[in-house]
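data.txt, holding compact mmCIF, N, CA and C atoms:
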```
# COMPACT_ATOMS: atom_id res chain seq x y z
N ASP A 1 -14.10 3.26 -17.16
CA ASP A 1 -13.94 4.70 -17.32
C ASP A 1 -13.10 5.32 -16.21
N VAL A 2 -12.17 4.57 -15.63
CA VAL A 2 -11.29 5.10 -14.59
C VAL A 2 -9.84 4.87 -14.99
N ASP A 3 -8.97 5.62 -14.33
CA ASP A 3 -7.53 5.48 -14.61
C ASP A 3 -6.92 4.27 -13.94
N SER A 4 -7.50 3.86 -12.79
CA SER A 4 -6.91 2.76 -12.03
C SER A 4 -7.97 2.00 -11.25
N VAL A 5 -7.62 0.76 -10.92
CA VAL A 5 -8.46 -0.07 -10.05
C VAL A 5 -7.56 -0.74 -9.03
N TYR A 6 -8.14 -1.10 -7.91
CA TYR A 6 -7.42 -1.86 -6.90
C TYR A 6 -8.42 -2.71 -6.14
N GLY A 7 -7.91 -3.75 -5.49
CA GLY A 7 -8.76 -4.64 -4.71
C GLY A 7 -8.03 -5.09 -3.47
N ASP A 8 -8.31 -6.31 -3.07
CA ASP A 8 -7.71 -6.87 -1.86
C ASP A 8 -6.62 -7.87 -2.25
N VAL A 9 -5.84 -8.27 -1.25
CA VAL A 9 -4.77 -9.26 -1.47
C VAL A 9 -4.88 -10.34 -0.40
N LYS A 10 -4.79 -11.58 -0.84
CA LYS A 10 -4.68 -12.72 0.08
C LYS A 10 -3.22 -13.13 0.13
N PHE A 11 -2.67 -13.20 1.34
CA PHE A 11 -1.31 -13.69 1.53
C PHE A 11 -1.40 -15.14 1.98
N VAL A 12 -0.56 -15.97 1.39
CA VAL A 12 -0.56 -17.39 1.72
C VAL A 12 0.80 -17.80 2.25
N SER A 13 0.82 -18.92 2.92
CA SER A 13 2.06 -19.48 3.44
C SER A 13 3.00 -19.82 2.28
N PRO A 14 4.29 -19.51 2.41
CA PRO A 14 5.24 -19.84 1.34
C PRO A 14 5.28 -21.35 1.03
N ASN A 15 4.97 -22.17 2.04
CA ASN A 15 5.05 -23.62 1.86
C ASN A 15 3.70 -24.28 1.61
N ASP A 16 2.61 -23.55 1.80
CA ASP A 16 1.27 -24.10 1.60
C ASP A 16 0.40 -23.03 0.97
N LEU A 17 0.27 -23.08 -0.34
CA LEU A 17 -0.44 -22.03 -1.07
C LEU A 17 -1.94 -22.02 -0.79
N ASN A 18 -2.44 -23.02 -0.11
CA ASN A 18 -3.85 -23.06 0.25
C ASN A 18 -4.11 -22.46 1.64
N LYS A 19 -3.05 -22.17 2.38
CA LYS A 19 -3.19 -21.64 3.73
C LYS A 19 -3.08 -20.11 3.71
N VAL A 20 -4.21 -19.43 3.87
CA VAL A 20 -4.24 -17.97 3.90
C VAL A 20 -3.78 -17.52 5.28
N THR A 21 -2.72 -16.68 5.30
CA THR A 21 -2.16 -16.22 6.57
C THR A 21 -2.49 -14.76 6.87
N ARG A 22 -2.90 -14.02 5.84
CA ARG A 22 -3.25 -12.60 6.02
C ARG A 22 -4.19 -12.20 4.91
N TYR A 23 -5.14 -11.35 5.23
CA TYR A 23 -6.04 -10.79 4.22
C TYR A 23 -5.96 -9.28 4.30
N TYR A 24 -5.44 -8.65 3.25
CA TYR A 24 -5.26 -7.20 3.19
C TYR A 24 -6.45 -6.62 2.44
N SER A 25 -7.37 -6.03 3.17
CA SER A 25 -8.54 -5.40 2.57
C SER A 25 -8.26 -3.92 2.34
N SER A 26 -8.58 -3.45 1.16
CA SER A 26 -8.44 -2.03 0.83
C SER A 26 -9.77 -1.29 0.94
N SER A 27 -10.77 -1.93 1.51
CA SER A 27 -12.13 -1.39 1.50
C SER A 27 -12.27 -0.04 2.21
N LYS A 28 -11.47 0.21 3.23
CA LYS A 28 -11.62 1.45 4.00
C LYS A 28 -10.61 2.52 3.60
N TRP A 29 -9.84 2.26 2.55
CA TRP A 29 -8.80 3.20 2.15
C TRP A 29 -9.40 4.40 1.42
N ASN A 30 -8.79 5.56 1.65
CA ASN A 30 -9.04 6.76 0.85
C ASN A 30 -7.75 7.57 0.87
N PRO A 31 -7.58 8.53 -0.05
CA PRO A 31 -6.31 9.25 -0.16
C PRO A 31 -5.85 9.96 1.12
N GLU A 32 -6.76 10.36 1.99
CA GLU A 32 -6.36 11.03 3.23
C GLU A 32 -5.60 10.08 4.16
N LYS A 33 -5.71 8.78 3.95
CA LYS A 33 -5.05 7.80 4.83
C LYS A 33 -3.57 7.63 4.53
N PHE A 34 -3.08 8.23 3.45
CA PHE A 34 -1.64 8.17 3.19
C PHE A 34 -0.85 8.72 4.39
N ALA A 35 -1.34 9.77 5.03
CA ALA A 35 -0.65 10.39 6.16
C ALA A 35 -0.52 9.45 7.35
N TYR A 36 -1.33 8.40 7.38
CA TYR A 36 -1.32 7.43 8.48
C TYR A 36 -0.62 6.13 8.08
N GLY A 37 0.00 6.11 6.90
CA GLY A 37 0.75 4.94 6.47
C GLY A 37 -0.06 3.92 5.71
N TYR A 38 -1.26 4.28 5.30
CA TYR A 38 -2.11 3.34 4.56
C TYR A 38 -2.08 3.64 3.08
N MET A 39 -2.13 2.58 2.30
CA MET A 39 -2.31 2.70 0.86
C MET A 39 -3.17 1.54 0.42
N PRO A 40 -3.73 1.63 -0.78
CA PRO A 40 -4.45 0.45 -1.27
C PRO A 40 -3.45 -0.70 -1.40
N ALA A 41 -3.94 -1.91 -1.34
CA ALA A 41 -3.05 -3.07 -1.48
C ALA A 41 -2.32 -2.95 -2.83
N HIS A 42 -1.07 -2.51 -2.78
CA HIS A 42 -0.36 -2.17 -4.02
C HIS A 42 -0.18 -3.33 -5.00
N PRO A 43 -0.07 -4.59 -4.58
CA PRO A 43 0.02 -5.64 -5.60
C PRO A 43 -1.26 -5.76 -6.42
N SER A 44 -2.37 -5.24 -5.89
CA SER A 44 -3.65 -5.32 -6.60
C SER A 44 -3.97 -4.03 -7.35
N PHE A 45 -3.03 -3.10 -7.40
CA PHE A 45 -3.25 -1.80 -8.04
C PHE A 45 -2.86 -1.88 -9.52
N PHE A 46 -3.82 -1.58 -10.37
CA PHE A 46 -3.60 -1.59 -11.82
C PHE A 46 -3.95 -0.22 -12.37
N VAL A 47 -3.05 0.33 -13.18
CA VAL A 47 -3.20 1.71 -13.65
C VAL A 47 -2.92 1.77 -15.15
N LYS A 48 -3.59 2.68 -15.82
CA LYS A 48 -3.36 2.86 -17.25
C LYS A 48 -1.93 3.36 -17.50
N ASN A 49 -1.36 2.91 -18.58
CA ASN A 49 0.00 3.29 -18.96
C ASN A 49 0.14 4.80 -19.13
N GLU A 50 -0.93 5.46 -19.54
CA GLU A 50 -0.88 6.91 -19.73
C GLU A 50 -0.52 7.64 -18.43
N CYS A 51 -0.90 7.08 -17.30
CA CYS A 51 -0.58 7.72 -16.02
C CYS A 51 0.92 7.73 -15.77
N TYR A 52 1.59 6.62 -16.12
CA TYR A 52 3.05 6.58 -15.99
C TYR A 52 3.68 7.63 -16.91
N LYS A 53 3.18 7.71 -18.12
CA LYS A 53 3.74 8.67 -19.08
C LYS A 53 3.53 10.10 -18.62
N LYS A 54 2.39 10.37 -18.01
CA LYS A 54 2.06 11.73 -17.60
C LYS A 54 2.68 12.13 -16.27
N TYR A 55 2.72 11.19 -15.29
CA TYR A 55 3.12 11.53 -13.92
C TYR A 55 4.43 10.87 -13.46
N GLY A 56 5.01 10.03 -14.30
CA GLY A 56 6.31 9.45 -13.99
C GLY A 56 6.23 8.03 -13.47
N ASN A 57 7.40 7.40 -13.42
CA ASN A 57 7.55 6.02 -13.00
C ASN A 57 7.94 5.94 -11.52
N PHE A 58 8.26 4.73 -11.08
CA PHE A 58 8.76 4.53 -9.72
C PHE A 58 10.07 5.29 -9.55
N LYS A 59 10.27 5.86 -8.38
CA LYS A 59 11.54 6.49 -8.05
C LYS A 59 12.46 5.41 -7.51
N THR A 60 13.57 5.21 -8.18
CA THR A 60 14.46 4.10 -7.84
C THR A 60 15.39 4.40 -6.67
N ASP A 61 15.33 5.60 -6.11
CA ASP A 61 16.19 5.90 -4.97
C ASP A 61 15.51 5.57 -3.64
N TYR A 62 14.36 4.92 -3.68
CA TYR A 62 13.72 4.38 -2.48
C TYR A 62 14.14 2.92 -2.35
N GLU A 63 14.48 2.51 -1.15
CA GLU A 63 14.88 1.12 -0.92
C GLU A 63 13.67 0.18 -0.84
N ILE A 64 12.59 0.63 -0.18
CA ILE A 64 11.43 -0.23 0.06
C ILE A 64 10.12 0.40 -0.42
N SER A 65 9.98 1.71 -0.30
CA SER A 65 8.67 2.36 -0.42
C SER A 65 8.43 3.11 -1.72
N SER A 66 9.06 2.69 -2.81
CA SER A 66 8.81 3.38 -4.07
C SER A 66 7.37 3.22 -4.52
N ASP A 67 6.74 2.11 -4.18
CA ASP A 67 5.33 1.91 -4.52
C ASP A 67 4.45 2.90 -3.76
N TYR A 68 4.77 3.15 -2.50
CA TYR A 68 4.00 4.09 -1.68
C TYR A 68 4.08 5.50 -2.28
N GLU A 69 5.29 5.90 -2.62
CA GLU A 69 5.48 7.23 -3.20
C GLU A 69 4.73 7.35 -4.53
N LEU A 70 4.79 6.33 -5.35
CA LEU A 70 4.11 6.36 -6.65
C LEU A 70 2.59 6.49 -6.46
N LEU A 71 2.04 5.73 -5.53
CA LEU A 71 0.60 5.80 -5.30
C LEU A 71 0.19 7.17 -4.75
N ILE A 72 1.01 7.76 -3.89
CA ILE A 72 0.72 9.12 -3.42
C ILE A 72 0.69 10.07 -4.62
N ARG A 73 1.70 9.96 -5.46
CA ARG A 73 1.79 10.86 -6.62
C ARG A 73 0.60 10.70 -7.55
N PHE A 74 0.20 9.47 -7.80
CA PHE A 74 -0.93 9.22 -8.70
C PHE A 74 -2.27 9.61 -8.06
N LEU A 75 -2.53 9.09 -6.86
CA LEU A 75 -3.86 9.19 -6.27
C LEU A 75 -4.10 10.46 -5.45
N TYR A 76 -3.09 10.95 -4.77
CA TYR A 76 -3.26 12.12 -3.90
C TYR A 76 -2.89 13.41 -4.63
N VAL A 77 -1.71 13.45 -5.21
CA VAL A 77 -1.23 14.68 -5.84
C VAL A 77 -1.95 14.95 -7.17
N ASN A 78 -1.98 13.95 -8.04
CA ASN A 78 -2.54 14.15 -9.37
C ASN A 78 -4.00 13.71 -9.49
N LYS A 79 -4.51 13.13 -8.42
CA LYS A 79 -5.93 12.78 -8.32
C LYS A 79 -6.46 11.99 -9.52
N ILE A 80 -5.69 10.97 -9.92
CA ILE A 80 -6.21 10.11 -10.99
C ILE A 80 -7.46 9.40 -10.45
N SER A 81 -8.33 9.02 -11.35
CA SER A 81 -9.56 8.35 -10.92
C SER A 81 -9.26 6.90 -10.58
N TYR A 82 -10.05 6.36 -9.66
CA TYR A 82 -9.84 4.98 -9.22
C TYR A 82 -11.16 4.35 -8.84
N HIS A 83 -11.14 3.03 -8.81
CA HIS A 83 -12.32 2.26 -8.39
C HIS A 83 -11.84 1.05 -7.59
N TYR A 84 -12.47 0.85 -6.44
CA TYR A 84 -12.16 -0.31 -5.60
C TYR A 84 -13.02 -1.49 -6.02
N ILE A 85 -12.40 -2.63 -6.23
CA ILE A 85 -13.10 -3.89 -6.54
C ILE A 85 -13.05 -4.73 -5.28
N GLN A 86 -14.20 -5.00 -4.69
CA GLN A 86 -14.27 -5.65 -3.39
C GLN A 86 -14.10 -7.17 -3.51
N GLU A 87 -12.89 -7.57 -3.83
CA GLU A 87 -12.52 -8.98 -3.86
C GLU A 87 -11.00 -9.08 -3.98
N PRO A 88 -10.46 -10.24 -3.62
CA PRO A 88 -9.00 -10.38 -3.76
C PRO A 88 -8.63 -10.49 -5.24
N LEU A 89 -7.82 -9.56 -5.69
CA LEU A 89 -7.35 -9.57 -7.07
C LEU A 89 -6.01 -10.29 -7.20
N VAL A 90 -5.33 -10.46 -6.07
CA VAL A 90 -4.01 -11.07 -6.06
C VAL A 90 -3.91 -12.02 -4.87
N THR A 91 -3.30 -13.17 -5.11
CA THR A 91 -2.91 -14.09 -4.04
C THR A 91 -1.39 -14.20 -4.13
N MET A 92 -0.72 -13.96 -3.01
CA MET A 92 0.74 -13.98 -3.05
C MET A 92 1.31 -14.58 -1.77
N ARG A 93 2.54 -15.06 -1.86
CA ARG A 93 3.22 -15.62 -0.70
C ARG A 93 3.62 -14.51 0.27
N MET A 94 3.66 -14.85 1.55
CA MET A 94 4.15 -13.92 2.57
C MET A 94 5.63 -13.66 2.33
N GLY A 95 6.09 -12.51 2.78
CA GLY A 95 7.51 -12.16 2.65
C GLY A 95 7.66 -10.90 1.83
N GLY A 96 8.86 -10.46 1.69
CA GLY A 96 9.13 -9.24 0.94
C GLY A 96 10.01 -8.31 1.74
N ALA A 97 10.53 -7.30 1.07
CA ALA A 97 11.51 -6.38 1.68
C ALA A 97 10.96 -5.65 2.90
N SER A 98 9.66 -5.35 2.90
CA SER A 98 9.11 -4.55 4.01
C SER A 98 8.76 -5.39 5.23
N THR A 99 8.94 -6.69 5.16
CA THR A 99 8.55 -7.57 6.27
C THR A 99 9.72 -8.34 6.85
N GLN A 100 10.92 -7.83 6.70
CA GLN A 100 12.12 -8.57 7.11
C GLN A 100 12.68 -8.13 8.45
N GLY A 101 11.83 -7.74 9.39
CA GLY A 101 12.30 -7.41 10.73
C GLY A 101 12.22 -5.93 11.04
N LEU A 102 12.73 -5.58 12.22
CA LEU A 102 12.62 -4.21 12.71
C LEU A 102 13.35 -3.20 11.84
N LYS A 103 14.51 -3.59 11.31
CA LYS A 103 15.26 -2.66 10.46
C LYS A 103 14.45 -2.30 9.22
N SER A 104 13.82 -3.28 8.59
CA SER A 104 13.04 -2.99 7.38
C SER A 104 11.79 -2.16 7.72
N ILE A 105 11.20 -2.40 8.89
CA ILE A 105 10.04 -1.60 9.32
C ILE A 105 10.47 -0.15 9.52
N TYR A 106 11.64 0.06 10.11
CA TYR A 106 12.16 1.41 10.30
C TYR A 106 12.40 2.09 8.96
N ILE A 107 13.07 1.40 8.04
CA ILE A 107 13.35 1.96 6.70
C ILE A 107 12.04 2.27 5.99
N LEU A 108 11.10 1.34 6.04
CA LEU A 108 9.79 1.53 5.40
C LEU A 108 9.13 2.81 5.90
N ASN A 109 9.05 2.98 7.20
CA ASN A 109 8.37 4.14 7.76
C ASN A 109 9.15 5.44 7.52
N LYS A 110 10.46 5.37 7.56
CA LYS A 110 11.28 6.54 7.23
C LYS A 110 11.02 6.98 5.79
N GLU A 111 10.93 6.00 4.89
CA GLU A 111 10.66 6.33 3.48
C GLU A 111 9.22 6.79 3.26
N ILE A 112 8.27 6.27 4.03
CA ILE A 112 6.89 6.75 3.94
C ILE A 112 6.84 8.22 4.33
N ILE A 113 7.55 8.59 5.40
CA ILE A 113 7.60 9.99 5.81
C ILE A 113 8.22 10.84 4.71
N ARG A 114 9.27 10.34 4.11
CA ARG A 114 9.92 11.06 3.00
C ARG A 114 8.95 11.23 1.83
N ALA A 115 8.27 10.15 1.45
CA ALA A 115 7.33 10.20 0.33
C ALA A 115 6.21 11.19 0.60
N CYS A 116 5.71 11.18 1.83
CA CYS A 116 4.66 12.14 2.20
C CYS A 116 5.19 13.57 2.10
N LYS A 117 6.35 13.82 2.67
CA LYS A 117 6.93 15.17 2.65
C LYS A 117 7.15 15.65 1.22
N GLU A 118 7.71 14.77 0.37
CA GLU A 118 7.96 15.15 -1.03
C GLU A 118 6.68 15.49 -1.78
N ASN A 119 5.55 14.99 -1.29
CA ASN A 119 4.29 15.18 -2.00
C ASN A 119 3.27 16.00 -1.21
N GLY A 120 3.76 16.76 -0.21
CA GLY A 120 2.92 17.72 0.48
C GLY A 120 1.97 17.15 1.52
N ILE A 121 2.29 16.00 2.10
CA ILE A 121 1.47 15.40 3.15
C ILE A 121 2.25 15.46 4.46
N THR A 122 1.60 15.95 5.51
CA THR A 122 2.22 16.02 6.83
C THR A 122 1.97 14.72 7.58
N THR A 123 3.04 14.11 8.08
CA THR A 123 2.92 12.88 8.87
C THR A 123 4.07 12.81 9.86
N SER A 124 4.13 11.73 10.64
CA SER A 124 5.18 11.55 11.64
C SER A 124 5.23 10.07 12.03
N PHE A 125 6.30 9.68 12.73
CA PHE A 125 6.40 8.31 13.22
C PHE A 125 5.24 7.94 14.14
N PRO A 126 4.87 8.82 15.09
CA PRO A 126 3.72 8.47 15.95
C PRO A 126 2.42 8.26 15.15
N LYS A 127 2.20 9.09 14.16
CA LYS A 127 0.99 8.96 13.34
C LYS A 127 1.02 7.62 12.58
N LEU A 128 2.18 7.26 12.05
CA LEU A 128 2.31 6.01 11.30
C LEU A 128 2.17 4.79 12.19
N SER A 129 2.60 4.90 13.44
CA SER A 129 2.56 3.74 14.34
C SER A 129 1.13 3.27 14.62
N MET A 130 0.16 4.11 14.40
CA MET A 130 -1.23 3.73 14.64
C MET A 130 -1.70 2.61 13.71
N LYS A 131 -1.05 2.45 12.56
CA LYS A 131 -1.48 1.44 11.58
C LYS A 131 -1.18 0.01 12.04
N PHE A 132 -0.26 -0.15 12.99
CA PHE A 132 0.12 -1.50 13.39
C PHE A 132 -1.01 -2.25 14.07
N PHE A 133 -1.91 -1.53 14.72
CA PHE A 133 -3.07 -2.18 15.33
C PHE A 133 -3.99 -2.76 14.25
N ASP A 134 -4.19 -2.01 13.17
CA ASP A 134 -5.01 -2.51 12.06
C ASP A 134 -4.33 -3.68 11.36
N LYS A 135 -3.02 -3.59 11.17
CA LYS A 135 -2.30 -4.67 10.50
C LYS A 135 -2.41 -5.97 11.29
N ALA A 136 -2.35 -5.89 12.60
CA ALA A 136 -2.48 -7.08 13.43
C ALA A 136 -3.83 -7.74 13.22
N SER A 137 -4.86 -6.95 13.04
CA SER A 137 -6.20 -7.52 12.83
C SER A 137 -6.31 -8.27 11.51
N GLU A 138 -5.47 -7.95 10.53
CA GLU A 138 -5.47 -8.68 9.26
C GLU A 138 -5.07 -10.14 9.47
N PHE A 139 -4.20 -10.39 10.44
CA PHE A 139 -3.77 -11.75 10.76
C PHE A 139 -4.79 -12.44 11.67
N ILE A 140 -5.31 -11.71 12.66
CA ILE A 140 -6.27 -12.27 13.61
C ILE A 140 -7.54 -12.68 12.91
N ASN A 141 -8.06 -11.83 12.03
CA ASN A 141 -9.31 -12.14 11.34
C ASN A 141 -9.20 -13.38 10.45
N VAL A 142 -8.01 -13.61 9.89
CA VAL A 142 -7.80 -14.81 9.07
C VAL A 142 -7.89 -16.06 9.93
N LYS A 143 -7.31 -16.02 11.11
CA LYS A 143 -7.31 -17.18 12.01
C LYS A 143 -8.70 -17.49 12.54
N GLN A 144 -9.56 -16.47 12.66
CA GLN A 144 -10.91 -16.68 13.18
C GLN A 144 -11.87 -17.18 12.11
N SER A 145 -11.54 -17.00 10.85
CA SER A 145 -12.47 -17.41 9.79
C SER A 145 -12.29 -18.84 9.38
```

Kindly transcribe the structure held in the file into structure tokens.
Amino acid sequence: DVDSVYGDVKFVSPNDLNKVTRYYSSSKWNPEKFAYGYMPAHPSFFVKNECYKKYGNFKTDYEISSDYELLIRFLYVNKISYHYIQEPLVTMRMGGASTQGLKSIYILNKEIIRACKENGITTSFPKLSMKFFDKASEFINVKQS
């Protein structure tokens, strides 16, 4: 009875699919965290087709963060209903456009600020930089388990 669901994502080594290198938990996410650069693990986000029809598709003029903008539009602006499933819904290899070095991190955060501004959320580079401490723990916790 909800418009969308999301869960966690396990990232694995590109060369060893049994080696988990990062665990992205969405358990502490809520819509207010968009301003800090957090979103639910987007590969695990599943939404009814009606939401796309009603609120629009991905904006193709974003280089990296079209998923971030879409989730803001769905979950924050239009307040579609959602439910968190506390388990990994997706296992995927490490890599991707947002993880290709400092330039991609800069573009990612610049586009997150743009997405927030376009959707009425106030944020800044300093506010977004706070998320890097949490992201580091996603790798550390995997190594300790």

Exercise for the section: Pick out the residues sitting within 8 Å of region 7-19 of chain A, and hand them over as a list of chain:residue names; count only N, CA and C atoms, and ignore anything fewer than 3 positions along from it in its own chain. Expected result: A:Arg22, A:Tyr23, A:Tyr24, A:Ser25, A:Ser26, A:Ser27, A:Pro40, A:Ala41, A:His42, A:Pro43, A:Ser44, A:Phe45, A:Phe46, A:His83, A:Tyr84, A:Ile85, A:Gln86, A:Glu87, A:Pro88, A:Leu89, A:Val90, A:Thr91, A:Met92, A:Arg93, A:Met94, A:Gly95

Exercise for the section: Quick one: everything within 12 Å of Glu32 (chain A), counting only C-alpha atoms, minus sequence neighbours fewer than 6 positions away in the same chain. Send it as a VMD selection string. Expected result: chain A and resid 38 to 40 72 75 to 77 79 116 120 to 123

Practice task
Write out as a ChimeraX atom specification all residues of chain A that backbone DSSP assigns to strand (DSSP E or B).
Solution key: /A:4-12,20-24,46-47,82-93

Exercise for the section: Mind giving me the straight-line distance from atom C of Tyr82 (chain A) to atom N of Lys131 (chain A) in Å, one decimal? Expected result: 23.7 Å

Practice task
Could you tell me how far CA of Glu63 (chain A) lies from CA of Leu102 (chain A), in Å and to one decimal?
Solution key: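 Separation of CA of Glu63 (chain A) and CA of Leu102 (chain A): 14.8 Å.
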
Practice task
Kindly indicate which residue among A:Ala115, A:Val20, A:Ile105, A:Met130 lies nearest to Tyr68 (chain A), using all atoms listed in the file for the distances.
Solution key: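 Selected residue with least distance to Tyr68 (chain A): A:Ala115.
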
Non-local contacts of Gly37 (chain A) (7 Å; only C-alpha atoms; under 4 positions in same chain excluded) as an mmCIF file with N, CA and C atoms, in the coordinates of the input:
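And here's result.cif as it stands now:
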```cif
data_model
loop_
_atom_site.group_PDB
_atom_site.id
_atom_site.type_symbol
_atom_site.label_atom_id
_atom_site.label_comp_id
_atom_site.auth_asym_id
_atom_site.auth_seq_id
_atom_site.Cartn_x
_atom_site.Cartn_y
_atom_site.Cartn_z
ATOM 1 N N LYS A 33 -5.710 8.780 3.950
ATOM 2 C CA LYS A 33 -5.050 7.800 4.830
ATOM 3 C C LYS A 33 -3.570 7.630 4.530
ATOM 4 N N ILE A 112 8.270 6.270 4.030
ATOM 5 C CA ILE A 112 6.890 6.750 3.940
ATOM 6 C C ILE A 112 6.840 8.220 4.330
ATOM 7 N N LEU A 128 2.180 7.260 12.050
ATOM 8 C CA LEU A 128 2.310 6.010 11.300
ATOM 9 C C LEU A 128 2.170 4.790 12.190
ATOM 10 N N LYS A 131 -1.050 2.450 12.560
ATOM 11 C CA LYS A 131 -1.480 1.440 11.580
ATOM 12 C C LYS A 131 -1.180 0.010 12.040
#
```

Exercise for the section: Give the answer as one residue: which of A:Lys103, A:Arg114, A:Thr21, A:Ser4 has the shortest atom-to-atom distance to Glu69 (chain A), using only N, CA and C atoms? Expected result: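 Looking at the shortest contact to Glu69 (chain A), the residue is A:Arg114.
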
Practice task
Can you work out which one of A:Ser81, A:Phe125, A:Asn30, A:Lys54 has the shortest atom-to-atom distance to Asn109 (chain A), counting all atoms listed in the file?
Solution key: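 For Asn109 (chain A), the nearest of the candidates is A:Phe125.
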
Problem - Two-atom distance - atom C of Tyr62 (chain A), CA of Tyr106 (chain A) (Å) - result: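 Rounded to one decimal, the two atoms are 12.9 Å apart.
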
Practice task
Go through A:Tyr36, A:Leu108, A:Ile80, A:Lys48 one by one, measure the shortest atom-to-atom distance of each to Asp67 (chain A) using only C-alpha atoms, and give the residue with the smallest value.
Solution key: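 Between A:Tyr36, A:Leu108, A:Ile80, A:Lys48, the residue approaching Asp67 (chain A) most closely is A:Leu108.
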
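Minimum atom-to-atom distance to Asn49 (chain A), evaluated using only C-alpha atoms, belongs to A:Asp3 out of A:Ser104, A:Lys127, A:Asp3, A:Lys117.
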
Practice task
May I have the residues within 8 Å of Tyr55 (chain A) as JSON, numbers by chain, using only C-alpha atoms and disregarding those fewer than 6 positions away in the same chain?
Solution key: {"A": [73, 74, 78]}

Handout entry: Using only C-alpha atoms: which of A:Leu71, A:Ala35, A:Ile64, A:Cys51 has the shortest distance to Ile107 (chain A)
Key =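 When distances to Ile107 (chain A) are compared using only C-alpha atoms, the smallest one comes from A:Ile64.
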